[in-house]
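So this block is target_34.txt, compact mmCIF, C-alpha atoms:
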# COMPACT_ATOMS: atom_id res chain seq x y z
CA MET A 1 -15.05 15.39 17.26
CA SER A 2 -13.86 13.78 20.48
CA LYS A 3 -14.53 10.28 19.14
CA TYR A 4 -11.43 10.65 16.98
CA PHE A 5 -9.20 11.47 19.94
CA SER A 6 -10.58 9.53 22.91
CA PHE A 7 -8.75 6.44 24.12
CA SER A 8 -9.45 4.52 27.31
CA GLN A 9 -6.39 3.81 29.42
CA SER A 10 -6.46 0.10 28.59
CA GLU A 11 -7.03 0.82 24.88
CA ALA A 12 -4.06 3.22 24.81
CA LYS A 13 -1.83 0.72 26.62
CA LYS A 14 -2.76 -2.12 24.27
CA PHE A 15 -2.30 0.15 21.24
CA LEU A 16 1.17 1.33 22.31
CA GLU A 17 2.30 -2.24 23.03
CA ASN A 18 1.32 -3.25 19.50
CA SER A 19 2.70 -0.30 17.53
CA LYS A 20 5.75 0.84 15.62
CA THR A 21 7.33 4.18 14.75
CA ALA A 22 6.32 5.20 11.26
CA VAL A 23 7.84 8.66 10.88
CA ARG A 24 10.04 10.90 12.99
CA VAL A 25 10.56 14.50 11.89
CA LEU A 26 11.77 17.60 13.77
CA GLY A 27 9.93 17.34 17.08
CA LEU A 28 7.22 14.94 15.95
CA LYS A 29 7.07 11.15 16.09
CA LEU A 30 4.19 9.29 14.52
CA VAL A 31 3.48 5.80 15.84
CA VAL A 32 1.13 3.53 13.93
CA GLU A 33 -0.70 0.39 14.96
CA ARG A 34 0.67 -2.79 13.44
CA LYS A 35 -1.66 -4.80 11.30
CA LYS A 36 -3.30 -7.57 13.26
CA LYS A 37 -2.19 -11.10 12.53
CA PRO A 38 -4.66 -13.97 12.75
CA ASP A 39 -4.58 -15.65 16.13
CA ALA A 40 -2.77 -19.01 15.79
CA THR A 41 -4.47 -20.46 18.89
CA THR A 42 -7.99 -20.07 17.50
CA PRO A 43 -9.00 -22.67 14.92
CA PRO A 44 -10.14 -21.14 11.59
CA GLU A 45 -13.68 -22.47 11.95
CA LEU A 46 -14.09 -20.74 15.33
CA SER A 47 -12.46 -17.47 14.31
CA SER A 48 -15.30 -16.73 11.89
CA GLN A 49 -17.82 -17.18 14.73
CA VAL A 50 -16.14 -14.64 17.00
CA PRO A 51 -17.53 -11.19 16.17
CA GLN A 52 -14.72 -8.90 15.01
CA GLU A 53 -14.83 -5.26 16.01
CA GLU A 54 -14.63 -3.23 12.80
CA PRO A 55 -13.73 0.42 13.41
CA THR A 56 -15.55 2.96 11.28
CA ASN A 57 -12.93 5.69 11.54
CA GLY A 58 -9.34 6.31 12.54
CA LYS A 59 -8.15 7.63 15.88
CA LEU A 60 -5.25 9.84 16.89
CA LEU A 61 -3.64 9.81 20.33
CA ILE A 62 -1.78 13.07 21.00
CA VAL A 63 1.02 12.93 23.60
CA ILE A 64 2.65 16.19 24.66
CA PRO A 65 4.97 16.10 27.71
CA ARG A 66 5.15 19.02 30.14
CA ARG A 67 8.66 19.94 29.10
CA VAL A 68 7.37 21.02 25.66
CA ALA A 69 5.53 24.10 26.92
CA ASN A 70 3.28 25.40 29.65
CA ALA A 71 -0.39 24.33 29.67
CA CYS A 72 -1.45 27.07 27.25
CA GLY A 73 1.26 26.12 24.77
CA ARG A 74 0.44 22.40 24.96
CA ASN A 75 -3.26 23.10 24.47
CA LEU A 76 -2.50 25.31 21.46
CA ILE A 77 -0.48 22.51 19.84
CA ARG A 78 -3.21 19.99 20.66
CA ARG A 79 -5.94 22.24 19.18
CA ARG A 80 -3.92 22.76 15.99
CA ILE A 81 -3.39 19.03 15.53
CA LYS A 82 -7.06 18.27 16.15
CA ALA A 83 -8.17 20.98 13.72
CA ILE A 84 -5.87 19.68 10.98
CA TYR A 85 -6.97 16.08 11.60
CA THR A 86 -10.67 16.92 11.25
CA GLU A 87 -10.44 19.61 8.51
CA GLN A 88 -8.32 17.40 6.26
CA GLN A 89 -10.62 14.44 7.08
CA LEU A 90 -7.63 12.30 8.01
CA PHE A 91 -9.89 10.16 10.21
CA LYS A 92 -11.15 8.40 7.06
CA ASN A 93 -7.97 6.31 7.15
CA ILE A 94 -9.18 3.53 9.44
CA ARG A 95 -6.09 3.07 11.62
CA ARG A 96 -5.00 4.19 15.03
CA TYR A 97 -2.07 6.56 15.41
CA ALA A 98 -0.16 8.20 18.23
CA LEU A 99 1.61 11.50 17.73
CA PHE A 100 4.37 12.32 20.21
CA VAL A 101 5.34 15.99 20.30
CA TYR A 102 8.81 17.10 21.44
CA PRO A 103 10.21 20.58 22.22
CA GLU A 104 11.61 21.04 18.71
CA GLU A 105 8.02 21.19 17.43
CA LYS A 106 7.77 24.82 18.57
CA LYS A 107 9.75 25.74 15.45
CA LEU A 108 7.06 24.34 13.12
CA SER A 109 4.34 26.60 11.75
CA TYR A 110 0.70 25.59 11.37
CA ASP A 111 1.22 25.01 7.63
CA GLN A 112 4.29 22.81 8.21
CA LEU A 113 2.39 20.81 10.81
CA ALA A 114 -0.55 20.40 8.41
CA GLU A 115 1.76 19.25 5.62
CA PHE A 116 3.46 16.72 7.91
CA LEU A 117 0.17 15.23 9.14
CA LYS A 118 -1.35 15.08 5.68
CA LYS A 119 1.67 13.27 4.21
CA ALA A 120 2.25 11.01 7.21
CA LEU A 121 -1.32 9.82 7.64
CA GLN A 122 -1.97 8.91 4.03
CA LYS A 123 -2.10 5.15 3.57
CA LYS A 124 0.68 5.06 0.96
CA SER A 125 3.25 6.95 2.99
CA VAL A 126 2.86 5.39 6.45
CA GLY A 127 6.04 3.63 7.35
CA LYS A 128 8.11 5.61 4.85
CA PRO A 129 9.91 8.87 5.67
CA CYS A 130 8.16 12.04 4.52
Could you render the structure as structure tokens?
Amino acid sequence: MSKYFSFSQSEAKKFLENSKTAVRVLGLKLVVERKKKPDATTPPELSSQVPQEEPTNGKLLIVIPRRVANACGRNLIRRRIKAIYTEQQLFKNIRRYALFVYPEEKKLSYDQLAEFLKKALQKKSVGKPC
């Protein structure tokens, strides 16, 4: 289960530098990785020789600042998000996402959170408002 949520510090930094906001709804902001463009400096004949890292599943980075809640509250939100992500099998969408949680999220129920994640992480709706 942790393979869907673990990012190294350098991987997280690189991901956040190359990402854009897809959806922002009441206390939640979903950031998605931009599609990679071919490197213009590498000649086409050499680019096929460089082994490309193909991910087998998607990843979700969950960011919850301290001002949202105390440690127990933040962990509860994190557990809910992880449960929804794995139960709904949203990791099958092979992209990396970051979910930023803000204080307004406390007003959302588990079902509302599940509905948001399911709609937002589907391939067709990423980049469009829910």
Worksheet item: Taking into account only C-alpha atoms, which residue in the set A:Arg24, A:Lys59, A:Arg67, A:Arg34 is nearest to A:Phe91?
Response: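 For A:Phe91, the nearest of the given residues is A:Lys59.
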Discussion item. Let me make sure I understand: among A:Lys92, A:Lys35, A:Lys20, A:Lys29, which one has the smallest atom-to-atom distance to A:Val63 if we use all atoms listed in the file?
Written reply: A:Lys29
Worksheet item: How many Å lie between atom CA of A:Lys107 and atom CA of A:Lys82, rounded to one decimal?
Response: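 Interatomic distance here is 18.4 Å.
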Discussion item. Report, in Å to a single decimal, how far apart atom CA of A:Ala120 and atom CA of A:Val32 are.
Written reply: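 These atoms are spaced 10.1 Å apart.
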Practice prompt. Point out the residue among A:Lys3, A:Arg66, A:Lys118, A:Lys13 with the least atom-to-atom distance to A:Gln89, counting only C-alpha atoms.
Written response: A:Lys118
Discussion item. Using all atoms listed in the file, can you tell me which of A:Val23, A:Gln9, A:Glu17, A:Cys72 comes closest to A:Phe100?
Written reply: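 So, comparing all the options, the nearest one is A:Val23.
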Practice prompt. Please return, as a list in words, all polymer residues that have at least one atom within 8 Å of the point (-0.5, 11.0, 18.8); use all atoms listed in the file and the file's own coordinate frame.
Written response: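 Final list of nearby residues, as requested, is Leu30, Val31, Leu60, Leu61, Ile62, Val63, Tyr97, Ala98, Leu99, Phe100 and Val101 of chain A.
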Worksheet item: Which of these, A:Ala22, A:Leu121, A:Ala12, A:Ile64, has the shortest distance to A:Pro103 once you count all atoms listed in the file?
Response: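 So, comparing all the options, the nearest one is A:Ile64.
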Item to complete: Would you mind listing what lies within 8 Å of A:Asn93 as number ranges by chain, with only C-alpha atoms counted and same-chain residues fewer than 5 positions away left out?
Response: A: 57-58, 121-123
Worksheet item: Any idea what the distance is between atom CA of A:Leu26 and atom CA of A:Asp111?
Response: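 Between atom CA of A:Leu26 and atom CA of A:Asp111 the gap is 14.3 Å.
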Item to complete: Quick one: everything within 7 Å of A:Glu33, counting only C-alpha atoms, minus sequence neighbours fewer than 6 positions away in the same chain. Send it as a list of chain:residue names.
Response: A:Phe15, A:Asn18, A:Ser19, A:Lys20, A:Arg95, A:Arg96, A:Tyr97
Discussion item. Around (4.0, 25.4, 26.2), as given in the file, which residues come within 12 Å? Count all atoms listed in the file and list them as a list in words.
Written reply: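 Selection result: Ile64, Pro65, Arg66, Arg67, Val68, Ala69, Asn70, Ala71, Cys72, Gly73, Arg74, Asn75, Leu76, Ile77, Arg78, Val101, Tyr102, Pro103, Glu104, Glu105 and Lys106 of chain A.
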